[in-house]
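For reference, entry_23.csv is printed below; it contains CSV, C-alpha atoms.
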```csv
chain,number,residue,atom,x,y,z
A,18,MET,CA,21.8,18.3,-12.3
A,19,VAL,CA,18.7,16.1,-12.3
A,20,ILE,CA,20.7,13.0,-11.3
A,21,TYR,CA,21.7,14.7,-8.0
A,22,GLY,CA,18.0,14.7,-7.0
A,23,VAL,CA,17.5,11.1,-8.1
A,24,ALA,CA,20.7,10.1,-6.2
A,25,LEU,CA,19.5,12.0,-3.1
A,26,LEU,CA,16.2,10.1,-3.2
A,27,ALA,CA,18.0,6.8,-3.8
A,28,GLY,CA,20.5,7.5,-1.0
A,29,CYS,CA,17.6,8.3,1.5
A,30,MET,CA,15.9,5.1,0.4
A,31,LEU,CA,19.0,2.9,0.9
A,32,ALA,CA,19.8,4.5,4.2
A,33,GLY,CA,16.2,4.1,5.4
A,34,LEU,CA,16.0,0.5,4.3
A,35,ILE,CA,19.3,-0.3,6.1
A,36,ILE,CA,18.1,1.3,9.3
A,37,GLY,CA,14.8,-0.6,9.0
A,38,ASP,CA,16.6,-3.8,8.5
A,39,VAL,CA,18.8,-3.3,11.5
A,40,LEU,CA,15.7,-2.5,13.6
A,41,GLY,CA,14.1,-5.7,12.4
A,42,GLN,CA,17.2,-7.7,13.3
A,43,LEU,CA,17.4,-6.1,16.7
A,44,LEU,CA,13.8,-7.2,17.4
A,45,GLY,CA,14.5,-10.6,16.0
A,46,ILE,CA,12.0,-10.5,13.1
A,47,ASP,CA,12.7,-11.4,9.5
A,48,ALA,CA,11.3,-8.1,8.1
A,49,ASN,CA,12.2,-4.5,7.4
A,50,LEU,CA,10.7,-2.4,10.2
A,51,GLY,CA,9.5,0.9,8.7
A,52,GLY,CA,12.5,1.4,6.4
A,53,VAL,CA,10.4,3.3,3.9
A,54,GLY,CA,8.9,5.5,6.5
A,55,ILE,CA,12.4,6.3,7.9
A,56,ALA,CA,13.6,7.1,4.3
A,57,MET,CA,10.7,9.5,4.0
A,58,LEU,CA,11.7,11.3,7.2
A,59,LEU,CA,15.3,11.4,6.0
A,60,LEU,CA,14.2,12.9,2.7
A,61,ILE,CA,12.2,15.6,4.5
A,62,PHE,CA,15.1,16.5,6.7
A,63,VAL,CA,17.8,16.5,4.1
A,64,THR,CA,15.8,18.5,1.5
A,65,GLY,CA,14.7,20.9,4.2
A,66,TYR,CA,18.3,21.5,5.2
A,67,LEU,CA,19.5,22.0,1.7
A,68,LYS,CA,16.6,24.2,0.7
A,69,ASP,CA,17.2,26.5,3.7
A,70,ARG,CA,20.7,27.0,2.5
A,71,GLY,CA,19.7,27.5,-1.1
A,72,LYS,CA,21.5,24.4,-2.2
A,73,LEU,CA,18.6,22.7,-3.9
A,74,PRO,CA,18.4,24.1,-7.4
A,75,GLU,CA,15.3,23.5,-9.6
A,76,THR,CA,17.0,20.8,-11.7
A,77,THR,CA,18.0,18.8,-8.6
A,78,GLU,CA,14.5,19.2,-7.3
A,79,SER,CA,13.0,17.9,-10.5
A,80,GLY,CA,14.9,14.6,-10.0
A,81,ILE,CA,12.7,14.1,-7.0
A,82,THR,CA,9.4,15.6,-8.3
A,83,PHE,CA,9.6,13.3,-11.3
A,84,TRP,CA,9.3,10.2,-9.2
A,85,ASN,CA,6.7,11.9,-7.1
A,86,ALA,CA,4.6,12.5,-10.2
A,87,MET,CA,5.2,8.9,-11.3
A,88,TYR,CA,3.6,7.6,-8.1
A,89,ILE,CA,0.0,7.1,-9.4
A,90,PRO,CA,1.1,5.4,-12.7
A,91,ILE,CA,3.3,3.1,-10.7
A,92,VAL,CA,0.4,2.3,-8.4
A,93,VAL,CA,-1.7,1.5,-11.4
A,94,ALA,CA,1.0,-0.9,-12.6
A,95,MET,CA,1.1,-2.4,-9.1
A,96,ALA,CA,-2.7,-2.9,-9.2
A,97,ALA,CA,-2.4,-4.7,-12.5
A,98,SER,CA,0.2,-7.1,-11.1
A,99,GLN,CA,-1.8,-8.1,-8.0
A,100,ASN,CA,-2.9,-11.7,-7.5
A,101,VAL,CA,-6.6,-10.8,-7.8
A,102,ALA,CA,-7.5,-14.3,-9.1
A,103,ALA,CA,-6.1,-15.9,-6.0
A,104,ALA,CA,-7.9,-13.4,-3.7
A,105,PHE,CA,-11.2,-14.5,-5.2
A,106,SER,CA,-10.4,-18.2,-5.3
A,107,GLY,CA,-9.6,-18.3,-1.5
A,108,GLY,CA,-13.2,-19.0,-0.6
A,109,MET,CA,-15.5,-17.4,1.9
A,110,VAL,CA,-13.1,-17.6,4.9
A,111,ALA,CA,-10.6,-15.4,3.1
A,112,ILE,CA,-13.1,-13.0,1.6
A,113,LEU,CA,-15.0,-12.5,4.9
A,114,ALA,CA,-11.7,-12.1,6.9
A,115,GLY,CA,-10.4,-9.5,4.5
A,116,VAL,CA,-13.7,-7.6,4.3
A,117,LEU,CA,-14.2,-7.5,8.0
A,118,ALA,CA,-10.7,-6.2,8.6
A,119,VAL,CA,-11.2,-3.4,6.1
A,120,VAL,CA,-14.7,-2.5,7.4
A,121,LEU,CA,-13.5,-2.3,11.0
A,122,GLY,CA,-10.3,-0.4,10.0
A,123,LEU,CA,-12.2,2.2,8.1
A,124,ALA,CA,-14.9,2.6,10.8
A,125,LEU,CA,-12.2,3.3,13.4
A,126,VAL,CA,-10.6,6.2,11.4
A,127,PRO,CA,-13.1,8.8,12.5
A,128,VAL,CA,-13.0,7.4,16.1
A,129,LEU,CA,-9.2,7.9,16.4
A,130,THR,CA,-9.2,11.2,14.4
A,131,GLY,CA,-11.5,12.8,16.9
A,132,LYS,CA,-13.1,16.1,16.7
A,133,LYS,CA,-12.5,18.4,13.7
A,134,VAL,CA,-9.9,20.8,15.0
A,135,ASP,CA,-7.5,23.1,13.2
A,136,ASP,CA,-4.8,20.6,12.7
A,137,ALA,CA,-7.2,18.1,11.2
A,138,SER,CA,-8.7,20.5,8.7
A,139,ALA,CA,-8.9,19.5,5.1
A,140,LEU,CA,-6.1,20.4,2.7
A,141,GLU,CA,-6.9,23.3,0.3
A,142,SER,CA,-9.5,22.2,-2.1
A,143,THR,CA,-7.4,22.5,-5.2
A,144,PRO,CA,-6.3,18.9,-5.7
A,145,THR,CA,-3.0,18.7,-7.5
A,146,THR,CA,-3.6,15.6,-9.5
A,147,PRO,CA,0.0,14.8,-10.6
A,148,SER,CA,-1.4,12.6,-13.4
A,149,ASN,CA,-2.8,15.7,-15.1
A,150,HIS,CA,0.6,16.9,-16.0
B,1144,MET,CA,6.1,-10.3,-38.4
B,1145,ASN,CA,3.7,-10.8,-35.4
B,1146,ASP,CA,6.3,-12.9,-33.6
B,1147,SER,CA,9.0,-10.2,-34.0
B,1148,ILE,CA,6.7,-7.6,-32.6
B,1149,VAL,CA,5.9,-9.8,-29.6
B,1150,SER,CA,9.6,-10.5,-28.9
B,1151,LEU,CA,10.4,-6.8,-29.3
B,1152,VAL,CA,7.8,-5.8,-26.8
B,1153,ASP,CA,9.0,-8.5,-24.5
B,1154,LYS,CA,12.5,-7.4,-24.7
B,1155,TYR,CA,11.6,-3.8,-23.9
B,1156,HIS,CA,9.1,-4.8,-21.3
B,1157,LEU,CA,9.5,-1.8,-18.9
B,1158,ILE,CA,9.1,0.6,-21.8
B,1159,ALA,CA,6.0,-1.3,-23.0
B,1160,ALA,CA,4.7,-1.0,-19.4
B,1161,PHE,CA,5.1,2.8,-19.4
B,1162,ALA,CA,3.1,2.9,-22.7
B,1163,VAL,CA,0.4,0.6,-21.4
B,1164,VAL,CA,0.0,2.4,-18.1
B,1165,GLY,CA,-0.1,5.8,-19.9
B,1166,LEU,CA,-2.8,4.5,-22.1
B,1167,THR,CA,-4.8,3.2,-19.2
B,1168,MET,CA,-4.5,6.5,-17.4
B,1169,TYR,CA,-5.7,8.3,-20.5
B,1170,VAL,CA,-8.7,6.0,-20.8
B,1171,ALA,CA,-9.5,6.3,-17.0
B,1172,TYR,CA,-9.3,10.1,-17.0
B,1173,TRP,CA,-11.5,10.2,-20.1
B,1174,ILE,CA,-14.1,8.0,-18.4
B,1175,SER,CA,-13.9,10.1,-15.2
B,1176,ARG,CA,-14.5,13.3,-17.1
B,1177,ASN,CA,-17.1,12.2,-19.6
B,1178,LEU,CA,-19.0,9.3,-18.0
B,1179,THR,CA,-18.9,10.2,-14.2
B,1180,ALA,CA,-18.7,14.0,-14.6
B,1181,GLY,CA,-15.6,13.9,-12.5
B,1182,ARG,CA,-17.3,12.3,-9.5
B,1183,LEU,CA,-15.1,9.3,-9.6
B,1184,HIS,CA,-11.4,10.2,-9.5
B,1185,GLY,CA,-9.5,9.3,-12.7
B,1186,SER,CA,-6.8,7.5,-10.6
B,1187,ALA,CA,-9.5,5.4,-8.9
B,1188,ILE,CA,-10.8,4.3,-12.2
B,1189,ALA,CA,-7.3,3.6,-13.4
B,1190,ILE,CA,-6.7,1.4,-10.4
B,1191,ILE,CA,-9.9,-0.5,-10.9
B,1192,ILE,CA,-9.0,-1.1,-14.5
B,1193,GLY,CA,-5.7,-2.3,-13.3
B,1194,LEU,CA,-7.3,-4.8,-10.9
B,1195,VAL,CA,-9.7,-6.0,-13.6
B,1196,LEU,CA,-6.8,-6.6,-16.0
B,1197,ALA,CA,-4.9,-8.3,-13.2
B,1198,TYR,CA,-7.8,-10.7,-12.7
B,1199,VAL,CA,-8.1,-11.4,-16.4
B,1200,GLY,CA,-4.3,-11.9,-16.7
B,1201,GLY,CA,-4.2,-14.1,-13.6
B,1202,VAL,CA,-7.0,-16.4,-14.8
B,1203,SER,CA,-5.6,-16.7,-18.3
B,1204,SER,CA,-2.0,-17.3,-17.4
B,1205,GLY,CA,-2.5,-19.2,-14.2
B,1206,GLY,CA,0.4,-17.2,-12.6
B,1207,SER,CA,0.4,-15.2,-9.4
B,1208,LYS,CA,1.4,-11.8,-10.6
B,1209,GLY,CA,-1.8,-10.7,-12.4
B,1210,LEU,CA,-1.4,-9.2,-15.9
B,1211,SER,CA,2.4,-9.1,-15.6
B,1212,ASP,CA,2.4,-12.9,-16.0
B,1213,VAL,CA,1.3,-12.4,-19.6
B,1214,THR,CA,4.4,-12.2,-21.7
B,1215,LEU,CA,3.5,-8.9,-23.4
B,1216,PHE,CA,2.9,-7.1,-20.1
B,1217,SER,CA,5.8,-8.5,-18.0
B,1218,GLY,CA,7.2,-5.0,-17.5
B,1219,LEU,CA,4.2,-4.1,-15.3
B,1220,GLY,CA,5.7,-6.4,-12.7
B,1221,LEU,CA,8.9,-4.3,-12.6
B,1222,MET,CA,7.2,-1.0,-12.9
B,1223,GLY,CA,4.6,-1.8,-10.1
B,1224,GLY,CA,7.0,-4.0,-8.1
B,1225,GLY,CA,8.3,-3.2,-4.6
B,1226,MET,CA,11.4,-1.3,-5.7
B,1227,LEU,CA,10.0,1.4,-7.8
B,1228,ARG,CA,6.8,1.6,-5.7
B,1229,ASP,CA,8.8,2.4,-2.6
B,1230,LEU,CA,11.0,4.9,-4.5
B,1231,ALA,CA,7.9,6.7,-5.6
B,1232,ILE,CA,6.3,6.6,-2.1
B,1233,ILE,CA,9.4,8.1,-0.6
B,1234,ALA,CA,9.4,10.8,-3.3
B,1235,THR,CA,5.9,11.8,-2.3
B,1236,ALA,CA,7.4,12.8,1.1
B,1237,TYR,CA,9.1,15.7,-0.7
B,1238,GLY,CA,7.2,18.9,0.4
B,1239,VAL,CA,5.4,17.2,3.3
B,1240,ARG,CA,4.6,19.4,6.3
B,1241,LEU,CA,6.7,18.0,9.1
B,1242,HIS,CA,4.7,19.6,11.9
B,1243,GLU,CA,1.6,17.7,10.6
B,1244,ILE,CA,3.5,14.4,11.2
B,1245,LYS,CA,4.6,15.5,14.6
B,1246,LYS,CA,1.2,16.5,15.7
B,1247,ALA,CA,-0.5,13.3,14.6
B,1248,GLY,CA,2.5,11.1,15.6
B,1249,LEU,CA,1.1,9.7,18.8
B,1250,ARG,CA,-2.3,9.0,17.3
B,1251,GLY,CA,-0.5,7.3,14.4
B,1252,VAL,CA,1.3,5.0,16.8
B,1253,ILE,CA,-1.9,4.1,18.6
B,1254,ALA,CA,-3.6,3.5,15.2
B,1255,LEU,CA,-0.8,1.1,14.3
B,1256,PHE,CA,-1.2,-1.1,17.3
B,1257,LEU,CA,-5.0,-0.9,17.2
B,1258,GLY,CA,-4.9,-1.6,13.5
B,1259,VAL,CA,-2.9,-4.8,13.8
B,1260,LEU,CA,-5.0,-6.0,16.7
B,1261,VAL,CA,-8.4,-5.2,15.1
B,1262,SER,CA,-7.5,-6.9,11.8
B,1263,PHE,CA,-6.1,-9.9,13.7
B,1264,VAL,CA,-9.3,-10.3,15.8
B,1265,ALA,CA,-11.5,-9.9,12.7
B,1266,GLY,CA,-9.6,-12.7,11.0
B,1267,ALA,CA,-9.7,-14.9,14.1
B,1268,VAL,CA,-13.4,-14.4,14.6
B,1269,VAL,CA,-14.1,-15.4,10.9
B,1270,ALA,CA,-11.7,-18.4,11.2
B,1271,ILE,CA,-13.5,-19.6,14.4
B,1272,GLY,CA,-16.9,-19.0,12.8
B,1273,PHE,CA,-15.9,-21.4,10.0
B,1274,GLY,CA,-15.0,-24.1,12.4
B,1275,TYR,CA,-11.3,-23.8,12.8
B,1276,THR,CA,-10.2,-24.8,16.3
B,1277,ASP,CA,-6.4,-25.3,16.0
B,1278,PRO,CA,-4.7,-22.2,17.5
B,1279,VAL,CA,-2.0,-22.4,14.7
B,1280,ASP,CA,-4.7,-22.3,12.0
B,1281,ILE,CA,-6.7,-19.5,13.7
B,1282,THR,CA,-3.5,-17.4,14.2
B,1283,THR,CA,-2.3,-17.9,10.6
B,1284,ILE,CA,-5.6,-16.9,9.1
B,1285,ALA,CA,-6.0,-14.0,11.5
B,1286,ALA,CA,-2.4,-12.9,10.6
B,1287,GLY,CA,-3.4,-13.0,6.9
B,1288,ALA,CA,-6.1,-10.5,7.7
B,1289,VAL,CA,-3.4,-8.2,8.9
B,1290,THR,CA,-1.5,-8.3,5.6
B,1291,TYR,CA,-0.7,-10.9,3.0
B,1292,ILE,CA,2.9,-10.9,4.2
B,1293,VAL,CA,2.3,-11.3,7.9
B,1294,GLY,CA,0.0,-14.3,7.2
B,1295,PRO,CA,2.6,-16.6,5.5
B,1296,VAL,CA,5.5,-15.4,7.7
B,1297,THR,CA,3.4,-16.3,10.8
B,1298,GLY,CA,2.2,-19.5,9.3
B,1299,ALA,CA,5.7,-20.6,8.5
B,1300,THR,CA,7.0,-19.7,11.9
B,1301,LEU,CA,4.2,-21.7,13.6
B,1302,GLY,CA,4.3,-24.6,11.2
B,1303,ALA,CA,0.8,-24.2,9.6
B,1304,SER,CA,-0.3,-26.3,6.7
B,1305,SER,CA,0.1,-25.0,3.2
B,1306,GLU,CA,-3.6,-24.8,2.6
B,1307,VAL,CA,-4.1,-22.6,5.7
B,1308,ILE,CA,-1.1,-20.4,4.6
B,1309,ALA,CA,-2.7,-20.1,1.1
B,1310,LEU,CA,-5.9,-19.0,2.8
B,1311,SER,CA,-4.1,-16.4,4.9
B,1312,ILE,CA,-2.5,-15.0,1.7
B,1313,ALA,CA,-5.9,-14.8,0.1
B,1314,ALA,CA,-7.4,-13.0,3.1
B,1315,GLY,CA,-4.6,-10.4,2.9
B,1316,LEU,CA,-5.1,-10.0,-0.8
B,1317,VAL,CA,-8.8,-9.4,-0.3
B,1318,LYS,CA,-8.0,-6.8,2.3
B,1319,SER,CA,-5.5,-5.0,0.0
B,1320,ILE,CA,-7.8,-5.1,-3.1
B,1321,LEU,CA,-10.9,-4.0,-1.2
B,1322,THR,CA,-8.9,-1.1,0.4
B,1323,MET,CA,-8.0,0.1,-3.0
B,1324,ILE,CA,-11.6,0.2,-4.1
B,1325,ALA,CA,-13.4,1.1,-0.8
B,1326,THR,CA,-11.1,4.0,0.3
B,1327,PRO,CA,-12.1,6.6,-2.3
B,1328,MET,CA,-15.7,5.6,-1.9
B,1329,THR,CA,-15.8,6.0,1.9
B,1330,ALA,CA,-13.3,8.8,2.2
B,1331,LYS,CA,-15.9,11.5,2.8
B,1332,LEU,CA,-17.8,9.4,5.3
B,1333,ILE,CA,-14.8,8.7,7.5
B,1334,GLY,CA,-13.3,12.2,7.2
B,1335,LEU,CA,-10.3,11.1,5.2
B,1336,ASP,CA,-9.4,14.6,3.8
B,1337,ASN,CA,-6.5,15.8,6.1
B,1338,PRO,CA,-3.0,14.7,7.1
B,1339,ARG,CA,-4.1,13.6,10.5
B,1340,SER,CA,-6.8,11.2,9.4
B,1341,ALA,CA,-4.6,10.0,6.6
B,1342,MET,CA,-1.9,9.0,9.1
B,1343,ILE,CA,-4.5,7.2,11.3
B,1344,PHE,CA,-5.9,5.5,8.2
B,1345,GLY,CA,-2.4,4.3,7.2
B,1346,GLY,CA,-1.9,2.9,10.7
B,1347,LEU,CA,-5.3,1.2,11.0
B,1348,ILE,CA,-5.4,-0.4,7.5
B,1349,GLY,CA,-1.6,-0.9,7.1
B,1350,THR,CA,-1.5,-3.1,4.0
B,1351,THR,CA,1.0,-1.0,2.0
B,1352,SER,CA,-0.3,-1.6,-1.5
B,1353,GLY,CA,-3.9,-1.1,-0.4
B,1354,VAL,CA,-3.1,2.2,1.5
B,1355,ALA,CA,-0.9,3.4,-1.4
B,1356,ALA,CA,-3.5,2.8,-4.0
B,1357,GLY,CA,-6.5,3.8,-1.8
B,1358,LEU,CA,-5.0,7.2,-1.0
B,1359,ALA,CA,-3.8,7.8,-4.5
B,1360,ALA,CA,-7.4,7.3,-5.7
B,1361,THR,CA,-8.7,9.7,-2.9
B,1362,ASP,CA,-6.3,12.6,-2.9
B,1363,ALA,CA,-2.6,12.1,-3.9
B,1364,ARG,CA,-1.5,14.7,-1.4
B,1365,LEU,CA,-2.5,12.4,1.5
B,1366,VAL,CA,-0.3,9.6,0.3
B,1367,PRO,CA,2.9,10.5,2.2
B,1368,TYR,CA,1.0,10.8,5.5
B,1369,GLY,CA,-0.7,7.5,5.2
B,1370,ALA,CA,2.3,5.7,3.8
B,1371,MET,CA,4.5,7.0,6.7
B,1372,THR,CA,2.5,5.0,9.3
B,1373,ALA,CA,1.6,2.1,7.0
B,1374,THR,CA,5.2,1.3,6.4
B,1375,PHE,CA,5.6,0.2,10.0
B,1376,TYR,CA,2.5,-2.0,10.0
B,1377,THR,CA,3.8,-5.2,8.4
B,1378,GLY,CA,6.9,-5.2,10.6
B,1379,LEU,CA,4.7,-4.7,13.7
B,1380,GLY,CA,2.4,-7.5,12.5
B,1381,ILE,CA,5.2,-9.9,12.0
B,1382,LEU,CA,6.5,-9.0,15.5
B,1383,LEU,CA,3.2,-9.5,17.2
B,1384,ALA,CA,1.2,-12.2,15.4
B,1385,PRO,CA,3.5,-15.3,16.0
B,1386,THR,CA,4.3,-14.2,19.5
B,1387,VAL,CA,1.9,-12.2,21.8
B,1388,LEU,CA,-1.2,-12.7,19.6
B,1389,PHE,CA,-0.5,-16.4,19.1
B,1390,LEU,CA,-0.1,-16.9,22.9
B,1391,ALA,CA,-3.4,-15.1,23.4
B,1392,VAL,CA,-5.2,-17.3,20.9
B,1393,ARG,CA,-3.7,-20.4,22.5
B,1394,ALA,CA,-4.7,-19.3,25.9
B,1395,ILE,CA,-8.3,-19.0,24.8
B,1396,PHE,CA,-8.4,-22.3,22.8
```

Output the structure of this file as structure tokens.
Amino acid sequence: MVIYGVALLAGCMLAGLIIGDVLGQLLGIDANLGGVGIAMLLLIFVTGYLKDRGKLPETTESGITFWNAMYIPIVVAMAASQNVAAAFSGGMVAILAGVLAVVLGLALVPVLTGKKVDDASALESTPTTPSNH
Amino acid sequence: MNDSIVSLVDKYHLIAAFAVVGLTMYVAYWISRNLTAGRLHGSAIAIIIGLVLAYVGGVSSGGSKGLSDVTLFSGLGLMGGGMLRDLAIIATAYGVRLHEIKKAGLRGVIALFLGVLVSFVAGAVVAIGFGYTDPVDITTIAAGAVTYIVGPVTGATLGASSEVIALSIAAGLVKSILTMIATPMTAKLIGLDNPRSAMIFGGLIGTTSGVAAGLAATDARLVPYGAMTATFYTGLGILLAPTVLFLAVRAIF
């Protein structure tokens, strides 16, 4: 059933967020430390385990892939609810600080990626744009 | 008649948001295909349209949540809010190649620490350049350049003034919005076309909304790799900025 997939996804999310919360509390910070990332790893492990045993039928899978495909539309909605007006009214200090942080961050990507080796090769050039569904 | 339509759309705000976003996507992909010959990704155009609408909505409503502060579009706040966004991000991990994550793991961790540090220094340098001398002010603005959540949390911890905290939020917002726009444009230049560089990118830039949208506009398949590291960034920033980094700033000033 489709809901099994959605519930699996929700379960991984809640478990990940709880672990992230505990991690944050252990370190004494008022924030969730990597809960989403932990949830992603949980989902990869759990679905991998189920798939190997043939316990992940297509309908269950579609409960996960639906939200996967909704990712870009959700991001567009997120962009539309950003406080863009405040970003521009922050004055030059805010704009320059933000711009410099992005420029330096982007510039460091190739430095840390290093030489083009096998494991850093591009994904196959047939982009699966989920939004074209 | 008009009033009843408005109240209906307001009542079913999430459904209205699905329709509005669907229409936006259609327009964006049409523009991508017919006006840019596919050179600019449809999702990149959709995100830019979203940002423009957010600006218009924010200016006309005076609120802090972009277009979703306009009554008719309030569902966008729920659809694009943290809850559904994180659910969708986690769903993108389905089908990810685990060995890619393992191989880039160490570089990802290095990128995380370096990313927080570099953004913090960038913010600090700008703050000092504009004449701020109080270590609390410098640290708060610098933390804002990390992300717009690290800034106010740090400012509140250190007891910064509300103007400086507002400034730090604005710096983080600029970073996030610029990341959404600049990432697809510079992706080729910085080799952002594989899982490894996506994980490093997520660690270096970190601001979740910026990384999420920037990668979506570049190649949706890279999203899980970048999101995986970016999700640790804000927590790390909140851990480092008010403590080690503040002490470092105070030692210098």

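You will find atom CA of B:Pro1367 at 6.7 Å from atom CA of B:Ile1232.
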
Quiz item: For chain B, which residues have at least one atom within 6 Å of chain A, if we go by all atoms listed in the file? Write them as a PyMOL selection string, please.
Solution: chain B and resi 1190+1193-1194+1196-1198+1201+1207-1211+1219-1220+1223+1231+1233-1236+1262+1265-1266+1269+1288+1310+1313-1314+1316-1318+1333+1336-1337+1339-1340+1344+1347-1348+1356+1371+1374-1375+1378

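One finds atom CA of B:Val1152 at 14.0 Å from atom CA of B:Asp1212.
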
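Atom CA of B:Val1213 sits 21.9 Å away from atom CA of B:Tyr1169.
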
Exercise. Could you check which of B:Leu1382, B:Leu1335, B:Val1392, B:Ala1370 is closest to B:Ile1244, using all atoms listed in the file?
Key: B:Ala1370

Can you sort out stretch 1192-1213 of chain B so it carries N, CA and C atoms, written as an mmCIF file, keeping the file's coordinate frame?
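For reference, out_16.cif as written:
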```
data_model
loop_
_atom_site.group_PDB
_atom_site.id
_atom_site.type_symbol
_atom_site.label_atom_id
_atom_site.label_comp_id
_atom_site.auth_asym_id
_atom_site.auth_seq_id
_atom_site.Cartn_x
_atom_site.Cartn_y
_atom_site.Cartn_z
ATOM 1 N N ILE B 1192 -9.370 -0.443 -13.259
ATOM 2 C CA ILE B 1192 -9.000 -1.100 -14.500
ATOM 3 C C ILE B 1192 -7.839 -2.014 -14.349
ATOM 4 N N GLY B 1193 -6.834 -1.522 -13.596
ATOM 5 C CA GLY B 1193 -5.700 -2.300 -13.300
ATOM 6 C C GLY B 1193 -6.019 -3.651 -12.636
ATOM 7 N N LEU B 1194 -6.906 -3.566 -11.649
ATOM 8 C CA LEU B 1194 -7.300 -4.800 -10.900
ATOM 9 C C LEU B 1194 -8.064 -5.741 -11.807
ATOM 10 N N VAL B 1195 -8.949 -5.189 -12.658
ATOM 11 C CA VAL B 1195 -9.700 -6.000 -13.600
ATOM 12 C C VAL B 1195 -8.738 -6.760 -14.536
ATOM 13 N N LEU B 1196 -7.779 -5.980 -15.068
ATOM 14 C CA LEU B 1196 -6.800 -6.600 -16.000
ATOM 15 C C LEU B 1196 -5.962 -7.645 -15.221
ATOM 16 N N ALA B 1197 -5.660 -7.381 -13.947
ATOM 17 C CA ALA B 1197 -4.900 -8.300 -13.200
ATOM 18 C C ALA B 1197 -5.673 -9.639 -13.003
ATOM 19 N N TYR B 1198 -6.998 -9.500 -12.819
ATOM 20 C CA TYR B 1198 -7.800 -10.700 -12.700
ATOM 21 C C TYR B 1198 -7.826 -11.493 -13.986
ATOM 22 N N VAL B 1199 -8.055 -10.781 -15.094
ATOM 23 C CA VAL B 1199 -8.100 -11.400 -16.400
ATOM 24 C C VAL B 1199 -6.715 -12.103 -16.670
ATOM 25 N N GLY B 1200 -5.638 -11.352 -16.412
ATOM 26 C CA GLY B 1200 -4.300 -11.900 -16.700
ATOM 27 C C GLY B 1200 -4.007 -13.093 -15.792
ATOM 28 N N GLY B 1201 -4.415 -13.021 -14.526
ATOM 29 C CA GLY B 1201 -4.200 -14.100 -13.600
ATOM 30 C C GLY B 1201 -4.913 -15.379 -14.009
ATOM 31 N N VAL B 1202 -6.174 -15.197 -14.419
ATOM 32 C CA VAL B 1202 -7.000 -16.400 -14.800
ATOM 33 C C VAL B 1202 -6.443 -16.971 -16.097
ATOM 34 N N SER B 1203 -6.048 -16.112 -17.055
ATOM 35 C CA SER B 1203 -5.600 -16.700 -18.300
ATOM 36 C C SER B 1203 -4.215 -17.236 -18.299
ATOM 37 N N SER B 1204 -3.352 -16.733 -17.413
ATOM 38 C CA SER B 1204 -2.000 -17.300 -17.400
ATOM 39 C C SER B 1204 -1.780 -18.273 -16.276
ATOM 40 N N GLY B 1205 -2.641 -18.247 -15.281
ATOM 41 C CA GLY B 1205 -2.500 -19.200 -14.200
ATOM 42 C C GLY B 1205 -1.365 -18.760 -13.224
ATOM 43 N N GLY B 1206 -0.759 -17.608 -13.449
ATOM 44 C CA GLY B 1206 0.400 -17.200 -12.600
ATOM 45 C C GLY B 1206 -0.139 -16.415 -11.386
ATOM 46 N N SER B 1207 0.814 -15.870 -10.628
ATOM 47 C CA SER B 1207 0.400 -15.200 -9.400
ATOM 48 C C SER B 1207 0.674 -13.714 -9.426
ATOM 49 N N LYS B 1208 1.059 -13.178 -10.592
ATOM 50 C CA LYS B 1208 1.400 -11.800 -10.600
ATOM 51 C C LYS B 1208 0.459 -10.989 -11.585
ATOM 52 N N GLY B 1209 -0.813 -11.398 -11.632
ATOM 53 C CA GLY B 1209 -1.800 -10.700 -12.400
ATOM 54 C C GLY B 1209 -1.425 -10.562 -13.880
ATOM 55 N N LEU B 1210 -1.662 -9.382 -14.448
ATOM 56 C CA LEU B 1210 -1.400 -9.200 -15.900
ATOM 57 C C LEU B 1210 0.047 -9.315 -16.236
ATOM 58 N N SER B 1211 0.937 -9.079 -15.260
ATOM 59 C CA SER B 1211 2.400 -9.100 -15.600
ATOM 60 C C SER B 1211 2.874 -10.508 -15.871
ATOM 61 N N ASP B 1212 2.038 -11.538 -15.659
ATOM 62 C CA ASP B 1212 2.400 -12.900 -16.000
ATOM 63 C C ASP B 1212 2.206 -13.146 -17.522
ATOM 64 N N VAL B 1213 1.445 -12.261 -18.173
ATOM 65 C CA VAL B 1213 1.300 -12.400 -19.600
ATOM 66 C C VAL B 1213 2.489 -11.774 -20.285
#
```
